[in-house]
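Shown next: data.txt, given as compact mmCIF, C-alpha atoms.
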```
# COMPACT_ATOMS: atom_id res chain seq x y z
CA MET A 1 -9.38 11.80 28.33
CA GLU A 2 -10.80 15.26 28.81
CA THR A 3 -8.71 18.08 27.36
CA VAL A 4 -8.12 21.03 29.60
CA GLU A 5 -8.81 24.27 27.84
CA ASN A 6 -6.33 26.93 28.85
CA LYS A 7 -8.26 30.14 29.26
CA TYR A 8 -6.85 33.62 29.37
CA ILE A 9 -8.71 35.16 32.31
CA THR A 10 -8.60 38.76 33.49
CA LEU A 11 -10.31 39.73 36.74
CA ALA A 12 -10.89 42.85 38.78
CA TYR A 13 -11.45 41.96 42.43
CA LYS A 14 -11.29 42.99 46.02
CA LEU A 15 -9.84 40.46 48.45
CA TYR A 16 -10.99 40.37 52.04
CA THR A 17 -9.69 38.03 54.71
CA ILE A 18 -11.51 36.67 57.71
CA GLU A 19 -9.39 35.98 60.75
CA ASN A 20 -10.98 35.46 64.16
CA GLY A 21 -14.35 36.42 62.70
CA GLU A 22 -13.15 39.84 61.49
CA LYS A 23 -13.56 40.75 57.80
CA GLU A 24 -10.66 42.88 56.67
CA PHE A 25 -9.83 44.43 53.27
CA THR A 26 -6.51 42.96 52.10
CA GLU A 27 -5.81 43.82 48.48
CA GLU A 28 -7.39 44.94 45.26
CA ALA A 29 -6.81 44.22 41.60
CA PRO A 30 -8.68 47.13 39.98
CA ALA A 31 -9.96 47.09 36.40
CA GLU A 32 -7.06 49.38 35.37
CA HIS A 33 -4.52 46.86 36.71
CA PRO A 34 -6.41 43.57 36.73
CA PHE A 35 -5.21 40.13 37.77
CA GLN A 36 -4.44 38.09 34.65
CA PHE A 37 -3.64 34.42 34.38
CA ILE A 38 -3.98 31.41 32.13
CA SER A 39 -6.02 28.58 33.61
CA GLY A 40 -4.82 25.00 33.74
CA LEU A 41 -1.16 25.88 34.35
CA GLY A 42 -1.19 25.83 38.15
CA LEU A 43 -0.47 29.55 38.44
CA THR A 44 -3.16 30.33 40.98
CA LEU A 45 -4.79 28.52 43.86
CA GLU A 46 -6.75 25.59 42.44
CA SER A 47 -9.72 26.50 44.64
CA PHE A 48 -9.67 30.06 43.20
CA GLU A 49 -9.32 28.90 39.60
CA ASN A 50 -12.21 26.45 39.98
CA GLN A 51 -14.47 29.33 41.03
CA VAL A 52 -13.70 31.61 38.08
CA LYS A 53 -12.70 29.45 35.11
CA ASP A 54 -16.27 28.81 33.92
CA LEU A 55 -17.45 32.40 34.29
CA ASN A 56 -17.92 34.65 31.27
CA LYS A 57 -16.86 38.20 30.51
CA GLY A 58 -18.97 40.59 32.57
CA ASP A 59 -19.95 38.00 35.20
CA LYS A 60 -19.76 39.17 38.80
CA PHE A 61 -18.46 36.87 41.52
CA ASP A 62 -18.42 36.72 45.31
CA PHE A 63 -17.03 33.58 46.91
CA THR A 64 -15.12 32.44 49.96
CA ILE A 65 -12.18 30.04 50.04
CA LYS A 66 -11.57 28.42 53.41
CA ALA A 67 -8.04 28.71 54.82
CA GLU A 68 -7.29 25.00 54.35
CA GLU A 69 -8.06 25.30 50.59
CA ALA A 70 -6.09 28.56 50.32
CA TYR A 71 -2.74 28.91 52.09
CA GLY A 72 -3.32 26.43 54.89
CA GLU A 73 -3.57 26.88 58.60
CA TYR A 74 -1.08 29.07 60.43
CA ASP A 75 1.78 26.88 61.69
CA GLU A 76 3.73 28.04 64.75
CA GLU A 77 6.58 25.70 63.73
CA HIS A 78 7.20 27.94 60.72
CA VAL A 79 8.34 30.73 63.04
CA ILE A 80 12.08 30.15 63.43
CA ASP A 81 15.22 31.77 64.81
CA LEU A 82 18.00 32.33 62.29
CA PRO A 83 21.55 33.32 63.20
CA LYS A 84 21.97 37.06 62.74
CA ASN A 85 25.18 36.61 60.73
CA ILE A 86 23.31 35.25 57.69
CA PHE A 87 21.86 38.76 57.28
CA GLU A 88 25.27 40.40 57.09
CA ILE A 89 26.62 42.24 54.09
CA GLU A 90 30.39 42.67 54.12
CA GLY A 91 30.53 41.74 57.79
CA LYS A 92 27.81 44.18 58.89
CA PHE A 93 24.22 43.33 59.84
CA ASP A 94 21.84 44.65 57.12
CA SER A 95 19.75 46.82 59.47
CA GLU A 96 18.33 48.81 56.53
CA ARG A 97 16.53 45.88 54.92
CA VAL A 98 16.13 43.54 57.89
CA THR A 99 13.63 45.30 60.14
CA GLU A 100 10.59 44.07 62.05
CA GLY A 101 7.75 43.56 59.57
CA SER A 102 9.99 43.51 56.50
CA ILE A 103 9.91 40.65 54.00
CA VAL A 104 13.28 39.02 53.39
CA PRO A 105 14.13 36.55 50.61
CA LEU A 106 15.73 33.35 51.89
CA MET A 107 16.99 30.19 50.25
CA THR A 108 16.22 26.75 51.64
CA GLY A 109 18.84 24.02 51.93
CA ASP A 110 17.69 22.61 48.60
CA GLY A 111 17.95 25.95 46.78
CA GLN A 112 14.28 26.91 46.82
CA ARG A 113 13.56 30.63 47.24
CA VAL A 114 11.11 31.58 49.99
CA ASN A 115 10.01 34.86 51.49
CA ALA A 116 9.97 35.26 55.24
CA SER A 117 8.52 38.01 57.37
CA VAL A 118 10.80 39.40 60.07
CA VAL A 119 9.03 39.08 63.43
CA GLU A 120 11.72 40.26 65.83
CA ILE A 121 15.40 41.13 65.89
CA LYS A 122 17.23 39.89 68.99
CA PRO A 123 20.90 40.40 69.90
CA ASP A 124 22.10 37.22 68.16
CA VAL A 125 19.13 35.91 66.14
CA VAL A 126 16.48 37.14 63.74
CA VAL A 127 13.04 35.61 64.32
CA VAL A 128 11.33 35.01 60.96
CA ASP A 129 7.91 33.69 60.00
CA LEU A 130 7.83 31.40 56.96
CA ASN A 131 4.04 31.12 56.91
CA HIS A 132 2.33 32.64 53.87
CA PRO A 133 1.00 36.09 54.91
CA LEU A 134 -2.54 34.78 54.31
CA ALA A 135 -2.07 31.46 56.15
CA GLY A 136 -4.92 30.79 58.55
CA ALA A 137 -7.27 33.21 56.81
CA ASP A 138 -10.45 32.53 54.89
CA LEU A 139 -10.36 34.52 51.65
CA ILE A 140 -13.36 36.38 50.23
CA PHE A 141 -13.09 37.43 46.60
CA GLU A 142 -15.61 39.94 45.22
CA GLY A 143 -15.24 41.12 41.67
CA GLU A 144 -15.96 40.88 37.99
CA VAL A 145 -14.61 39.00 34.98
CA ILE A 146 -13.09 41.48 32.53
CA GLU A 147 -11.96 38.92 29.99
CA SER A 148 -12.31 35.16 29.61
CA ARG A 149 -11.39 33.51 26.34
CA PRO A 150 -9.30 30.61 25.08
CA ALA A 151 -5.60 31.37 25.51
CA THR A 152 -3.50 31.40 22.36
CA ASN A 153 -0.50 29.09 22.03
CA GLU A 154 1.71 32.19 21.90
CA GLU A 155 0.38 33.41 25.24
CA ILE A 156 0.92 30.01 26.83
CA GLN A 157 4.47 29.73 25.43
CA GLU A 158 5.29 33.29 26.54
CA LEU A 159 4.14 32.50 30.05
CA VAL A 160 6.05 29.22 30.23
CA LYS A 161 9.18 31.07 29.06
CA MET A 162 8.76 33.72 31.73
CA MET A 163 8.24 31.09 34.42
CA SER A 164 11.32 29.14 33.39
CA GLY A 165 13.40 32.32 33.40
CA GLU A 166 14.13 32.00 29.70
CA GLY A 167 13.70 34.73 27.17
CA CYS A 168 16.98 34.63 25.31
CA GLY A 169 16.86 38.12 23.85
CA CYS A 170 18.44 36.82 20.64
CA GLY A 171 15.39 37.80 18.62
CA CYS A 172 14.98 34.25 17.40
CA ASP A 173 12.16 31.80 17.96
CA SER A 174 14.50 28.85 18.42
CA CYS A 175 15.50 29.55 22.02
CA GLY A 176 16.57 26.37 23.71
CA SER A 177 16.22 24.21 20.61
```
This entry written out as structure tokens:
Amino acid sequence: METVENKYITLAYKLYTIENGEKEFTEEAPAEHPFQFISGLGLTLESFENQVKDLNKGDKFDFTIKAEEAYGEYDEEHVIDLPKNIFEIEGKFDSERVTEGSIVPLMTGDGQRVNASVVEIKPDVVVVDLNHPLAGADLIFEGEVIESRPATNEEIQELVKMMSGEGCGCGCDSCGS
């Protein structure tokens, strides 16, 4: 069995999307505030990780990830009407936070947190879009590897703790044991 090496990878990149043949600048992770992750833990898109995990410090990259390998195709069925009353605070509609274009946190029936984009506010419903903002777009990443080295066990444990919402603050190393 092949062992997966967890690498600590730091990247500076510019992300462009292509929708309907148009290339558009979407976001940037500059060298001063780079994107950092540990490979092999499922923290990033697999198709993205596969492109960068074997690169070395200083390597430049420029690759495209097709929509179906990124956030999937845009699905009209993920645009839904929700009753306006679920956006009420103390009996009043939250018109400050729930506006067209805003992102609202929702919880699914099974307790999973999802973000939805508010499409339209009607008299009795709020139309929200549950598609990922980059659904349906091909992603172009252009950038450079700032750091790529084996991750330490401490870094991996720290990350796993953060993801599980732990971090006991007791100053001990025996959290959860």
Q: Show which residues sit within 10 Å of A:Gly21, as a PyMOL selection string. Count only C-alpha atoms, and ignore same-chain residues fewer than 4 positions away.
A: chain A and resi 17+137-138
Q.
Using only C-alpha atoms, can you tell me which of A:Asp81, A:Gln157, A:Leu41, A:Glu142 comes closest to A:Phe25?
A.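 The shortest atom-to-atom distance to A:Phe25 comes from A:Glu142.
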**Q.** Option closest in space to A:Val52, from A:Lys7, A:Arg113, A:Lys161, A:His78 [counting only C-alpha atoms]
**A.**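 Going through A:Lys7, A:Arg113, A:Lys161, A:His78 one by one, the smallest distance to A:Val52 is for A:Lys7.
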(Q) Which residues are near A:Pro34? Cut-off 8 Å, all atoms listed in the file, ignore same chain within fewer than 6 positions. Put them as a ChimeraX atom specification. (A) /A:10-13
Q: Rounded to one decimal place, report the atom CA of A:Ser39-atom CA of A:Lys53 distance in Å.
A: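 Going from atom CA of A:Ser39 over to atom CA of A:Lys53, I get 6.9 Å.
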Q: Please identify all polymer residues within 12 Å of A:Glu68, counting all atoms listed in the file, omitting same-chain residues fewer than 5 positions from it, and present them as a list of chain:residue names.
A: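 Contacts, in chain order: A:Leu45, A:Glu46, A:Ser47, A:Glu73, A:Tyr74, A:Asp75, A:Leu134, A:Ala135, A:Gly136, A:Ala137, A:Asp138, A:Leu139.
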Q.
Please list as a ChimeraX atom specification every residue within 10 Å of A:Glu76, counting all atoms listed in the file and excluding residues in the same chain fewer than 6 positions away.
A. /A:129-131
Q: Find the residue from A:Leu106, A:Ile38, A:Leu159, A:Val114 that sits nearest to A:Leu82; use all atoms listed in the file when measuring.
A: A:Leu106
Q: Skip A:Ser148 itself and residues of its chain fewer than 6 positions away, then list as a VMD selection string all residues within 6 Å of it, counting all atoms listed in the file.
A: chain A and resid 8 to 9 56 to 57
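Computed from the coordinates, the atom CA of A:Ile89 to atom CA of A:Gln112 distance equals 21.0 Å.
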Q: Could you please determine the separation between atom CA of A:Gly101 and atom CA of A:Ala67 in Å, to one decimal place?
A: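 Atom-to-atom, atom CA of A:Gly101 and atom CA of A:Ala67 are spaced 22.2 Å apart.
Proximity to A:Gly40 was assessed for A:Glu69, A:Glu5, A:Glu96, A:Glu27 counting all atoms listed in the file; the smallest distance is recorded for A:Glu5.
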Q | Closest of A:Asp59, A:Val160, A:Gly72, A:Asp94 to A:Gly42 - atom-to-atom distances counting all atoms listed in the file | A | A:Val160
Q | Expected answer as number ranges by chain: all residues with atoms within 12 Å of (14.9, 45.9, 60.8), all atoms listed in the file | A | A: 84, 87, 93-104, 117-122, 126-128
